[in-house]
file data.cif (mmCIF, C-alpha atoms)
data_data
#
loop_
_atom_site.label_atom_id
_atom_site.label_comp_id
_atom_site.auth_asym_id
_atom_site.auth_seq_id
_atom_site.Cartn_x
_atom_site.Cartn_y
_atom_site.Cartn_z
CA MET A 316 17.49 -1.69 23.18
CA SER A 317 14.95 -3.01 20.69
CA VAL A 318 12.60 -0.61 18.93
CA LEU A 319 9.71 -2.86 20.01
CA SER A 320 10.51 -2.11 23.67
CA ALA A 321 9.00 1.38 23.30
CA PRO A 322 5.98 1.96 25.61
CA HIS A 323 3.40 2.38 22.82
CA PHE A 324 4.04 -1.20 21.69
CA HIS A 325 2.97 -2.62 25.06
CA ASN A 326 0.88 -0.08 26.96
CA GLU A 327 -2.57 1.04 25.82
CA GLU A 328 -2.39 4.52 27.35
CA ALA A 329 0.99 5.13 25.72
CA ALA A 330 -0.36 3.83 22.41
CA TYR A 331 -3.24 6.33 22.46
CA ALA A 332 -0.86 9.15 23.38
CA ARG A 333 1.39 8.19 20.47
CA LEU A 334 -1.50 8.02 18.00
CA GLU A 335 -2.89 11.35 19.18
CA ALA A 336 0.51 12.98 18.62
CA ILE A 337 0.52 11.64 15.04
CA VAL A 338 -3.12 12.31 14.07
CA TRP A 339 -3.63 15.49 16.14
CA PRO A 340 -0.26 17.31 16.06
CA ASP A 341 -2.01 20.62 16.88
CA GLY A 342 -4.41 19.25 19.47
CA PRO A 343 -7.63 17.17 19.42
CA ILE A 344 -10.34 17.78 16.83
CA CYS A 345 -13.90 16.55 17.21
CA PRO A 346 -14.68 14.32 14.19
CA HIS A 347 -18.41 14.98 14.59
CA CYS A 348 -18.58 18.79 14.50
CA GLY A 349 -15.01 19.88 13.77
CA ASN A 350 -14.52 21.66 17.09
CA CYS A 351 -10.82 22.15 17.83
CA ASP A 352 -11.04 24.41 20.89
CA PRO A 353 -8.95 22.62 23.54
CA ASP A 354 -11.05 24.23 26.28
CA ARG A 355 -14.21 22.65 24.82
CA ILE A 356 -12.88 19.11 24.42
CA TYR A 357 -12.46 17.06 27.58
CA ARG A 358 -10.71 13.79 28.29
CA ILE A 359 -12.83 11.33 30.23
CA LYS A 360 -10.66 9.95 33.02
CA SER A 361 -12.18 6.92 34.66
CA LYS A 362 -11.19 3.31 35.15
CA SER A 363 -14.58 2.27 33.80
CA VAL A 364 -14.14 3.85 30.34
CA ARG A 365 -11.83 2.86 27.53
CA PRO A 366 -8.50 4.70 27.10
CA GLY A 367 -8.39 7.83 24.99
CA LEU A 368 -12.10 8.63 25.27
CA ARG A 369 -12.98 12.33 24.92
CA THR A 370 -16.19 14.34 24.83
CA CYS A 371 -16.96 17.50 22.88
CA ALA A 372 -18.80 20.28 24.70
CA GLU A 373 -20.11 21.68 21.41
CA CYS A 374 -21.95 18.63 20.03
CA ARG A 375 -21.92 16.63 23.29
CA LYS A 376 -20.67 13.50 21.53
CA GLN A 377 -17.90 11.14 22.58
CA PHE A 378 -15.00 10.03 20.39
CA THR A 379 -11.45 8.75 20.37
CA VAL A 380 -8.57 9.46 18.03
CA LYS A 381 -9.44 6.28 16.09
CA VAL A 382 -12.63 7.79 14.62
CA GLY A 383 -12.16 8.54 10.92
CA THR A 384 -9.17 6.20 10.56
CA VAL A 385 -8.70 2.58 9.54
CA PHE A 386 -8.67 1.75 13.27
CA GLU A 387 -12.26 2.93 13.77
CA SER A 388 -14.66 0.37 15.28
CA SER A 389 -11.76 -2.02 15.89
CA HIS A 390 -11.83 -3.94 19.18
CA ILE A 391 -8.16 -4.88 18.80
CA LYS A 392 -5.84 -3.27 21.34
CA LEU A 393 -4.15 -0.21 19.89
CA HIS A 394 -0.68 -1.30 20.99
CA LEU A 395 -1.16 -4.45 18.87
CA TRP A 396 -1.94 -2.25 15.87
CA PHE A 397 1.39 -0.49 16.42
CA GLN A 398 3.19 -3.83 16.58
CA ALA A 399 1.53 -5.02 13.37
CA ALA A 400 2.35 -1.76 11.58
CA HIS A 401 6.00 -2.01 12.58
CA LEU A 402 6.26 -5.65 11.47
CA MET A 403 4.70 -4.89 8.07
CA ALA A 404 6.78 -1.76 7.54
CA SER A 405 10.08 -3.40 8.47
CA SER A 406 9.61 -6.62 6.47
CA LYS A 407 11.37 -6.50 3.10
CA LYS A 408 8.81 -8.68 1.34
CA GLY A 409 5.89 -8.55 3.78
CA ILE A 410 4.65 -10.73 6.61
CA SER A 411 1.90 -13.28 6.15
CA ALA A 412 -1.34 -13.19 8.11
CA HIS A 413 -0.49 -16.61 9.57
CA GLN A 414 2.85 -15.30 10.84
CA LEU A 415 1.18 -12.21 12.26
CA HIS A 416 -1.49 -14.23 14.05
CA ARG A 417 1.21 -16.40 15.66
CA THR A 418 3.33 -13.39 16.65
CA LEU A 419 0.53 -11.21 18.07
CA LYS A 420 -1.50 -14.12 19.52
CA VAL A 421 -4.66 -13.06 17.67
CA THR A 422 -6.85 -15.20 15.42
CA TYR A 423 -5.91 -15.69 11.79
CA LYS A 424 -9.11 -13.92 10.73
CA THR A 425 -8.15 -10.90 12.86
CA ALA A 426 -4.58 -10.84 11.55
CA TRP A 427 -5.81 -11.04 7.94
CA PHE A 428 -8.12 -8.08 8.46
CA MET A 429 -5.46 -6.06 10.31
CA GLU A 430 -3.09 -6.46 7.39
CA HIS A 431 -5.69 -5.30 4.87
CA ARG A 432 -6.48 -2.22 6.94
CA LEU A 433 -2.79 -1.36 7.19
CA ARG A 434 -2.34 -1.92 3.44
CA GLU A 435 -5.15 0.57 2.90
CA ALA A 436 -3.20 3.02 5.07
CA MET A 437 -0.13 2.48 2.88
CA ARG A 438 -1.94 3.39 -0.34
CA PRO A 439 -1.71 7.07 -1.39
CA ILE A 440 -4.96 9.00 -1.65
CA ALA A 441 -3.87 10.60 -4.95
CA ALA A 442 -1.62 9.14 -7.64
CA PRO A 443 1.80 10.86 -7.67
CA ALA A 444 3.35 12.64 -10.67
CA PHE A 445 6.55 11.39 -12.28
CA GLY A 446 9.36 13.01 -14.25
CA ASP A 447 9.06 16.57 -12.96
CA GLY A 448 12.11 18.61 -13.91
CA GLY A 449 13.20 16.23 -16.66
CA LYS A 450 13.83 13.24 -14.39
CA THR A 451 14.10 9.73 -15.81
CA VAL A 452 11.04 7.50 -15.58
CA GLU A 453 10.67 3.81 -16.41
CA MET A 454 7.47 1.92 -17.15
CA ASP A 455 6.84 -1.78 -17.57
CA GLU A 456 4.18 -4.40 -17.03
CA THR A 457 4.12 -7.76 -15.28
CA TYR A 458 1.59 -10.49 -14.61
CA ILE A 459 0.61 -11.92 -11.23
CA GLY A 460 -0.84 -15.40 -10.80
CA GLY A 461 -0.17 -19.03 -11.57
CA LEU A 462 -0.62 -20.96 -14.77
CA GLU A 463 -3.92 -22.74 -15.23
CA LYS A 464 -2.10 -25.93 -16.26
CA ASN A 465 -0.45 -26.08 -12.84
CA LYS A 466 -3.78 -26.07 -10.98
CA HIS A 467 -5.94 -29.06 -10.17
CA ARG A 468 -8.28 -29.65 -13.09
CA ASN A 469 -11.31 -29.01 -10.87
CA LYS A 470 -9.98 -25.49 -10.09
CA ARG A 471 -8.99 -24.43 -13.59
CA MET A 472 -10.88 -21.49 -15.09
CA PRO A 473 -11.24 -21.85 -18.86
CA LEU A 474 -10.86 -18.58 -20.77
CA ALA A 475 -14.06 -19.46 -22.65
CA GLN A 476 -15.93 -19.02 -19.36
CA GLY A 477 -14.41 -15.60 -18.68
CA GLY A 478 -11.59 -16.84 -16.47
CA ARG A 479 -8.24 -15.03 -16.49
CA THR A 480 -5.09 -16.93 -15.67
CA LYS A 481 -3.08 -13.89 -14.56
CA GLU A 482 -3.69 -10.34 -13.40
CA SER A 483 -2.01 -7.45 -15.22
CA VAL A 484 0.08 -4.88 -13.35
CA ILE A 485 1.63 -1.71 -14.77
CA THR A 486 4.25 0.20 -12.76
CA LEU A 487 5.85 3.62 -13.17
CA ILE A 488 9.16 4.24 -11.40
CA GLU A 489 11.22 7.42 -11.22
CA ARG A 490 14.90 6.60 -10.95
CA GLY A 491 16.11 7.43 -7.46
CA GLY A 492 12.53 8.21 -6.47
CA HIS A 493 9.11 6.65 -6.09
CA ALA A 494 7.03 3.91 -7.70
CA HIS A 495 3.31 3.58 -8.33
CA SER A 496 1.61 0.40 -9.52
CA HIS A 497 -1.76 -0.14 -11.18
CA HIS A 498 -3.87 -3.30 -11.37
CA VAL A 499 -5.49 -3.16 -14.82
CA THR A 500 -7.84 -5.48 -16.67
CA ALA A 501 -5.35 -5.71 -19.56
CA VAL A 502 -2.21 -4.00 -20.80
CA THR A 503 -3.62 -1.99 -23.68
CA GLY A 504 -2.79 1.30 -25.31
CA ASP A 505 -5.90 2.89 -23.81
CA ASN A 506 -5.05 1.81 -20.25
CA VAL A 507 -1.43 2.93 -20.60
CA ALA A 508 -2.54 6.27 -22.09
CA VAL A 509 -4.81 7.01 -19.10
CA ILE A 510 -1.96 6.33 -16.64
CA LEU A 511 0.56 8.44 -18.56
CA GLU A 512 -1.88 11.32 -19.01
CA ALA A 513 -2.49 11.43 -15.26
CA GLN A 514 1.03 10.82 -13.96
CA LEU A 515 3.78 11.56 -16.51
CA LYS A 516 5.01 15.15 -16.52
CA ASP A 517 5.94 16.90 -19.76
CA GLY A 518 9.69 16.94 -20.31
CA ALA A 519 10.31 13.66 -18.49
CA ILE A 520 12.90 11.26 -19.90
CA PHE A 521 10.76 8.17 -20.44
CA TYR A 522 12.16 4.68 -21.05
CA THR A 523 10.25 1.47 -21.77
CA ASP A 524 10.66 -1.78 -23.66
CA ASP A 525 9.59 -2.22 -27.29
CA SER A 526 5.93 -3.03 -26.57
CA ASN A 527 3.52 -1.79 -29.23
CA VAL A 528 1.06 -0.40 -26.66
CA TYR A 529 3.07 2.84 -26.41
CA GLN A 530 2.30 3.69 -30.01
CA ALA A 531 -1.35 4.32 -29.08
CA VAL A 532 -0.58 7.12 -26.60
CA LYS A 533 -0.17 10.82 -27.35
CA PRO A 534 3.15 11.73 -28.99
CA ARG A 535 4.27 13.70 -25.93
CA HIS A 536 3.86 10.56 -23.81
CA ARG A 537 5.66 8.17 -26.12
CA PRO A 538 8.97 6.75 -24.88
CA THR A 539 12.10 8.85 -25.26
CA ALA A 540 13.90 5.60 -26.08
CA THR A 541 13.24 1.88 -25.78
CA VAL A 542 15.23 -1.26 -25.23
CA VAL A 543 14.44 -4.02 -27.69
CA HIS A 544 13.80 -6.99 -25.43
CA SER A 545 12.59 -9.03 -28.40
CA ALA A 546 16.13 -8.84 -29.78
CA LYS A 547 17.64 -9.64 -26.35
CA GLU A 548 18.76 -6.04 -25.82
CA TYR A 549 18.49 -5.05 -22.17
CA VAL A 550 20.81 -2.07 -21.73
CA ARG A 551 21.95 0.57 -24.21
CA GLY A 552 23.89 3.26 -22.43
CA ASP A 553 21.44 4.92 -20.04
CA VAL A 554 18.43 3.31 -21.70
CA HIS A 555 17.03 0.37 -19.72
CA THR A 556 14.10 -0.76 -17.59
CA ASN A 557 16.22 -2.52 -14.97
CA THR A 558 14.91 -0.34 -12.13
CA VAL A 559 11.28 -1.28 -12.61
CA GLU A 560 12.21 -4.91 -13.25
CA GLY A 561 14.13 -4.94 -9.97
CA TYR A 562 10.97 -3.72 -8.26
CA PHE A 563 8.99 -6.53 -9.91
CA SER A 564 11.48 -9.08 -8.57
CA ILE A 565 10.76 -7.98 -4.98
CA LEU A 566 7.02 -7.91 -5.64
CA LYS A 567 6.90 -11.41 -7.10
CA ARG A 568 9.16 -12.91 -4.46
CA GLY A 569 6.93 -11.42 -1.80
CA ILE A 570 3.75 -12.78 -3.34
CA THR A 571 5.25 -16.19 -4.16
CA GLY A 572 7.29 -16.70 -1.00
CA VAL A 573 5.22 -14.92 1.67
CA TYR A 574 1.60 -14.58 0.60
CA HIS A 575 1.36 -17.49 -1.89
CA HIS A 576 -2.17 -16.42 -2.92
CA VAL A 577 -3.60 -12.94 -3.40
CA SER A 578 -7.17 -11.93 -4.01
CA GLN A 579 -8.01 -10.41 -7.38
CA LYS A 580 -10.18 -7.89 -5.54
CA HIS A 581 -7.45 -6.92 -3.09
CA LEU A 582 -4.41 -7.06 -5.40
CA LYS A 583 -4.41 -3.24 -5.48
CA ARG A 584 -3.78 -3.24 -1.72
CA TYR A 585 -0.85 -5.64 -2.02
CA LEU A 586 0.58 -3.37 -4.72
CA GLY A 587 0.11 -0.42 -2.38
CA GLU A 588 2.05 -2.28 0.30
CA PHE A 589 5.03 -2.98 -1.95
CA ASP A 590 4.92 0.53 -3.43
CA PHE A 591 4.95 2.00 0.08
CA ARG A 592 8.01 0.06 1.22
CA TYR A 593 9.82 0.93 -2.02
CA ASN A 594 8.95 4.62 -1.69
CA GLU A 595 10.02 4.70 1.96
CA ARG A 596 13.18 2.62 1.55
CA SER A 597 16.54 2.89 3.29
CA ALA A 598 18.19 4.19 0.11
CA LEU A 599 16.05 7.34 0.52
CA GLY A 600 17.06 7.68 4.18
CA VAL A 601 13.94 6.10 5.69
CA GLU A 602 14.61 3.36 8.23
CA ASP A 603 12.20 0.94 9.90
CA GLU A 604 10.98 3.16 12.75
CA ALA A 605 10.37 6.19 10.51
CA ARG A 606 8.70 3.97 7.89
CA ALA A 607 6.28 2.61 10.49
CA ASP A 608 5.45 6.16 11.64
CA ARG A 609 4.68 7.17 8.06
CA LEU A 610 2.44 4.13 7.70
CA ILE A 611 0.49 5.21 10.79
CA ARG A 612 0.08 8.73 9.37
CA GLY A 613 -1.70 7.19 6.39
CA ILE A 614 -4.59 5.82 8.47
CA VAL A 615 -6.55 9.09 8.49
CA GLY A 616 -9.62 9.40 6.28
CA LYS A 617 -9.74 5.73 5.27
CA ARG A 618 -12.09 2.93 6.25
CA LEU A 619 -12.23 -0.75 5.34
CA THR A 620 -14.97 -3.07 6.56
CA TYR A 621 -14.75 -6.84 6.81
CA ARG A 622 -17.49 -7.33 4.21
CA ASP A 623 -14.88 -6.21 1.62
CA SER A 624 -13.75 -9.82 1.37
CA PRO A 625 -11.99 -11.53 -1.57
CA VAL A 626 -14.14 -12.68 -4.45
CA ARG A 627 -11.48 -14.80 -6.12
CA ARG A 628 -7.90 -15.74 -5.27
CA VAL A 629 -5.03 -15.65 -7.71
CA SER A 630 -2.48 -18.40 -7.21
CA SER A 631 1.16 -17.49 -7.40
#

call {"tool": "encode", "arguments": {"input": "data.cif", "output": "structure tokens"}}
result
Amino acid sequence: MSVLSAPHFHNEEAAYARLEAIVWPDGPICPHCGNCDPDRIYRIKSKSVRPGLRTCAECRKQFTVKVGTVFESSHIKLHLWFQAAHLMASSKKGISAHQLHRTLKVTYKTAWFMEHRLREAMRPIAAPAFGDGGKTVEMDETYIGGLEKNKHRNKRMPLAQGGRTKESVITLIERGGHAHSHHVTAVTGDNVAVILEAQLKDGAIFYTDDSNVYQAVKPRHRPTATVVHSAKEYVRGDVHTNTVEGYFSILKRGITGVYHHVSQKHLKRYLGEFDFRYNERSALGVEDEARADRLIRGIVGKRLTYRDSPVRRVSS
């Protein structure tokens, strides 16, 4: 039997029950006053009201489990949100908004916004730490976007006018563990130093390539060893950056083959999507259904409105 045959993928009442079990594992909580007394929170049962509606006897306000999540104020059926979350979580390199709008039978505009809300749910609230207990960490940078020479001359952005041909991305990966990517204005010693200060634990085994930017960081954050890519050295014993470069290969194939264009403003959300799937991958014992459940757990405490629209798109 297919996973998508589960009731919460097709029935609105079952979808609300599923979401309540995830968001309120210990019972309903009023988002307006914080009341969690089950005897003072009532479910409104009527065919004339929307599913999942409750009222709080303390503040006398109504609410559903969607309040305070990325689903708040959404008129999209909740069971469609579950379908979209499962499709995004189970796709190796993502699913385009056009594909989602054809699959769910919603408009392209709706599908685009659904995906951005779910990407926001995938992003961690706090940046994780790497290298605890002397674990091995790799760091590298890559660049997202097409070459200006490949664009139509009317769409090229000369550097003299402040245009940037590519967007810079820096990623930390712990071998056998998690990844975390950063969209930065430029790969500089200062930007790298801020990331390492916040995320690299003392005592970590830290490998990079031979970029000069690592010489500007504190001595305790400088690489344990480097591979000299400029001399065509890629592996020296245990020293390499192949793990993070393998992550970049999935990221770039997803952007090039699935999304084609990404917004400069929203690139951080695409990075969060690829980080999430890497961090919740099968190699760590997380399969599609569990990955989708973990995505849904990330909806709490996050909002994204449609006015947060792209300001510029970066061609792949």

call {"tool": "resolve_selection", "arguments": {"input": "data.cif", "expression": "the PyMOL selection byres ((chain A and resi 537) around 12)", "output": "PyMOL selection string"}}
result
chain A and resi 452-454+504+507-508+511-512+515-536+538-541

call {"tool": "atom_distance", "arguments": {"input": "data.cif", "atom1": "atom CA of A:Thr503", "atom2": "atom CA of A:Asp455"}}
result
12.1 Å

call {"tool": "closest_residue", "arguments": {"input": "data.cif", "among": "A:His555, A:Ala494, A:Ile459, A:Asp590", "to": "A:Arg568", "atoms": "only C-alpha atoms"}}
result
A:Ile459

call {"tool": "resolve_selection", "arguments": {"input": "data.cif", "expression": "the PyMOL selection byres ((chain A and resi 316-330) around 10)", "output": "compact mmCIF listing (two decimals) with C-alpha atoms, keeping the file's coordinate frame"}}
result
# COMPACT_ATOMS: atom_id res chain seq x y z
CA TYR A 331 -3.24 6.33 22.46
CA ALA A 332 -0.86 9.15 23.38
CA ARG A 333 1.39 8.19 20.47
CA LEU A 334 -1.50 8.02 18.00
CA GLU A 335 -2.89 11.35 19.18
CA ALA A 336 0.51 12.98 18.62
CA ARG A 365 -11.83 2.86 27.53
CA PRO A 366 -8.50 4.70 27.10
CA GLY A 367 -8.39 7.83 24.99
CA LYS A 392 -5.84 -3.27 21.34
CA LEU A 393 -4.15 -0.21 19.89
CA HIS A 394 -0.68 -1.30 20.99
CA LEU A 395 -1.16 -4.45 18.87
CA TRP A 396 -1.94 -2.25 15.87
CA PHE A 397 1.39 -0.49 16.42
CA GLN A 398 3.19 -3.83 16.58
CA ALA A 399 1.53 -5.02 13.37
CA HIS A 401 6.00 -2.01 12.58
CA LEU A 402 6.26 -5.65 11.47
CA ASP A 603 12.20 0.94 9.90
CA GLU A 604 10.98 3.16 12.75

call {"tool": "atom_distance", "arguments": {"input": "data.cif", "atom1": "atom CA of A:Arg355", "atom2": "atom CA of A:Cys371"}}
result
6.2 Å

call {"tool": "residues_around", "arguments": {"input": "data.cif", "residues": "A:Arg606", "least_positions_apart": "5", "cutoff": "9 Å", "atoms": "only C-alpha atoms", "output": "MDAnalysis selection string"}}
result
chainID A and resid 401 404:405 591:592 595:596 601 611

call {"tool": "closest_residue", "arguments": {"input": "data.cif", "among": "A:Thr384, A:Asn594, A:Thr457, A:Ser545", "to": "A:Val338", "atoms": "all atoms listed in the file"}}
result
A:Thr384

call {"tool": "build_atoms", "arguments": {"input": "data.cif", "residues": "stretch 591-623 of chain A", "atoms": "N, CA and C atoms", "output": "PDB file, keeping the file's coordinate frame"}}
result
ATOM      1  N   PHE A 591       4.643   1.224  -1.117  1.00  0.00           N
ATOM      2  CA  PHE A 591       4.950   2.000   0.080  1.00  0.00           C
ATOM      3  C   PHE A 591       6.361   1.690   0.591  1.00  0.00           C
ATOM      4  N   ARG A 592       6.680   0.406   0.704  1.00  0.00           N
ATOM      5  CA  ARG A 592       8.010   0.060   1.220  1.00  0.00           C
ATOM      6  C   ARG A 592       9.111   0.501   0.263  1.00  0.00           C
ATOM      7  N   TYR A 593       8.834   0.449  -1.049  1.00  0.00           N
ATOM      8  CA  TYR A 593       9.820   0.930  -2.020  1.00  0.00           C
ATOM      9  C   TYR A 593       9.993   2.446  -1.903  1.00  0.00           C
ATOM     10  N   ASN A 594       8.900   3.162  -1.745  1.00  0.00           N
ATOM     11  CA  ASN A 594       8.950   4.620  -1.690  1.00  0.00           C
ATOM     12  C   ASN A 594       9.527   5.138  -0.377  1.00  0.00           C
ATOM     13  N   GLU A 595       9.487   4.311   0.656  1.00  0.00           N
ATOM     14  CA  GLU A 595      10.020   4.700   1.960  1.00  0.00           C
ATOM     15  C   GLU A 595      11.200   3.791   2.322  1.00  0.00           C
ATOM     16  N   ARG A 596      12.086   3.576   1.371  1.00  0.00           N
ATOM     17  CA  ARG A 596      13.180   2.620   1.550  1.00  0.00           C
ATOM     18  C   ARG A 596      14.411   3.273   2.177  1.00  0.00           C
ATOM     19  N   SER A 597      15.330   2.417   2.627  1.00  0.00           N
ATOM     20  CA  SER A 597      16.540   2.890   3.290  1.00  0.00           C
ATOM     21  C   SER A 597      17.404   3.739   2.367  1.00  0.00           C
ATOM     22  N   ALA A 598      17.387   3.431   1.066  1.00  0.00           N
ATOM     23  CA  ALA A 598      18.190   4.190   0.110  1.00  0.00           C
ATOM     24  C   ALA A 598      17.772   5.661   0.058  1.00  0.00           C
ATOM     25  N   LEU A 599      16.540   5.957   0.471  1.00  0.00           N
ATOM     26  CA  LEU A 599      16.050   7.340   0.520  1.00  0.00           C
ATOM     27  C   LEU A 599      16.148   7.913   1.931  1.00  0.00           C
ATOM     28  N   GLY A 600      16.840   7.188   2.821  1.00  0.00           N
ATOM     29  CA  GLY A 600      17.060   7.680   4.180  1.00  0.00           C
ATOM     30  C   GLY A 600      15.946   7.384   5.150  1.00  0.00           C
ATOM     31  N   VAL A 601      15.059   6.446   4.808  1.00  0.00           N
ATOM     32  CA  VAL A 601      13.940   6.100   5.690  1.00  0.00           C
ATOM     33  C   VAL A 601      14.192   4.713   6.269  1.00  0.00           C
ATOM     34  N   GLU A 602      14.382   4.639   7.573  1.00  0.00           N
ATOM     35  CA  GLU A 602      14.610   3.360   8.230  1.00  0.00           C
ATOM     36  C   GLU A 602      13.317   2.833   8.846  1.00  0.00           C
ATOM     37  N   ASP A 603      13.398   1.669   9.466  1.00  0.00           N
ATOM     38  CA  ASP A 603      12.200   0.940   9.900  1.00  0.00           C
ATOM     39  C   ASP A 603      11.272   1.770  10.782  1.00  0.00           C
ATOM     40  N   GLU A 604      11.823   2.436  11.790  1.00  0.00           N
ATOM     41  CA  GLU A 604      10.980   3.160  12.750  1.00  0.00           C
ATOM     42  C   GLU A 604      10.255   4.320  12.060  1.00  0.00           C
ATOM     43  N   ALA A 605      10.979   5.072  11.229  1.00  0.00           N
ATOM     44  CA  ALA A 605      10.370   6.190  10.510  1.00  0.00           C
ATOM     45  C   ALA A 605       9.350   5.693   9.494  1.00  0.00           C
ATOM     46  N   ARG A 606       9.633   4.546   8.867  1.00  0.00           N
ATOM     47  CA  ARG A 606       8.700   3.970   7.890  1.00  0.00           C
ATOM     48  C   ARG A 606       7.394   3.567   8.573  1.00  0.00           C
ATOM     49  N   ALA A 607       7.484   2.996   9.760  1.00  0.00           N
ATOM     50  CA  ALA A 607       6.280   2.610  10.490  1.00  0.00           C
ATOM     51  C   ALA A 607       5.470   3.839  10.898  1.00  0.00           C
ATOM     52  N   ASP A 608       6.156   4.921  11.287  1.00  0.00           N
ATOM     53  CA  ASP A 608       5.450   6.160  11.640  1.00  0.00           C
ATOM     54  C   ASP A 608       4.710   6.726  10.430  1.00  0.00           C
ATOM     55  N   ARG A 609       5.332   6.660   9.266  1.00  0.00           N
ATOM     56  CA  ARG A 609       4.680   7.170   8.060  1.00  0.00           C
ATOM     57  C   ARG A 609       3.493   6.306   7.659  1.00  0.00           C
ATOM     58  N   LEU A 610       3.594   5.015   7.938  1.00  0.00           N
ATOM     59  CA  LEU A 610       2.440   4.130   7.700  1.00  0.00           C
ATOM     60  C   LEU A 610       1.270   4.572   8.579  1.00  0.00           C
ATOM     61  N   ILE A 611       1.542   4.821   9.860  1.00  0.00           N
ATOM     62  CA  ILE A 611       0.490   5.210  10.790  1.00  0.00           C
ATOM     63  C   ILE A 611      -0.141   6.536  10.362  1.00  0.00           C
ATOM     64  N   ARG A 612       0.635   7.446   9.816  1.00  0.00           N
ATOM     65  CA  ARG A 612       0.080   8.730   9.370  1.00  0.00           C
ATOM     66  C   ARG A 612      -0.916   8.554   8.232  1.00  0.00           C
ATOM     67  N   GLY A 613      -0.814   7.425   7.515  1.00  0.00           N
ATOM     68  CA  GLY A 613      -1.700   7.190   6.390  1.00  0.00           C
ATOM     69  C   GLY A 613      -3.060   6.628   6.764  1.00  0.00           C
ATOM     70  N   ILE A 614      -3.324   6.430   8.062  1.00  0.00           N
ATOM     71  CA  ILE A 614      -4.590   5.820   8.470  1.00  0.00           C
ATOM     72  C   ILE A 614      -5.756   6.787   8.403  1.00  0.00           C
ATOM     73  N   VAL A 615      -5.488   8.086   8.372  1.00  0.00           N
ATOM     74  CA  VAL A 615      -6.550   9.090   8.490  1.00  0.00           C
ATOM     75  C   VAL A 615      -7.384   9.156   7.214  1.00  0.00           C
ATOM     76  N   GLY A 616      -8.708   9.218   7.403  1.00  0.00           N
ATOM     77  CA  GLY A 616      -9.620   9.400   6.280  1.00  0.00           C
ATOM     78  C   GLY A 616      -9.869   8.153   5.460  1.00  0.00           C
ATOM     79  N   LYS A 617      -9.553   6.977   6.003  1.00  0.00           N
ATOM     80  CA  LYS A 617      -9.740   5.730   5.270  1.00  0.00           C
ATOM     81  C   LYS A 617     -10.469   4.732   6.144  1.00  0.00           C
ATOM     82  N   ARG A 618     -11.372   3.974   5.547  1.00  0.00           N
ATOM     83  CA  ARG A 618     -12.090   2.930   6.250  1.00  0.00           C
ATOM     84  C   ARG A 618     -12.095   1.675   5.386  1.00  0.00           C
ATOM     85  N   LEU A 619     -12.129   0.532   6.029  1.00  0.00           N
ATOM     86  CA  LEU A 619     -12.230  -0.750   5.340  1.00  0.00           C
ATOM     87  C   LEU A 619     -13.002  -1.690   6.232  1.00  0.00           C
ATOM     88  N   THR A 620     -14.141  -2.182   5.757  1.00  0.00           N
ATOM     89  CA  THR A 620     -14.970  -3.070   6.560  1.00  0.00           C
ATOM     90  C   THR A 620     -14.718  -4.524   6.157  1.00  0.00           C
ATOM     91  N   TYR A 621     -15.054  -5.427   7.064  1.00  0.00           N
ATOM     92  CA  TYR A 621     -14.750  -6.840   6.810  1.00  0.00           C
ATOM     93  C   TYR A 621     -15.559  -7.419   5.656  1.00  0.00           C
ATOM     94  N   ARG A 622     -16.687  -6.805   5.317  1.00  0.00           N
ATOM     95  CA  ARG A 622     -17.490  -7.330   4.210  1.00  0.00           C
ATOM     96  C   ARG A 622     -16.769  -7.155   2.867  1.00  0.00           C
ATOM     97  N   ASP A 623     -15.692  -6.314   2.835  1.00  0.00           N
ATOM     98  CA  ASP A 623     -14.880  -6.210   1.620  1.00  0.00           C
ATOM     99  C   ASP A 623     -13.954  -7.408   1.552  1.00  0.00           C
TER     100      ASP A 623
END
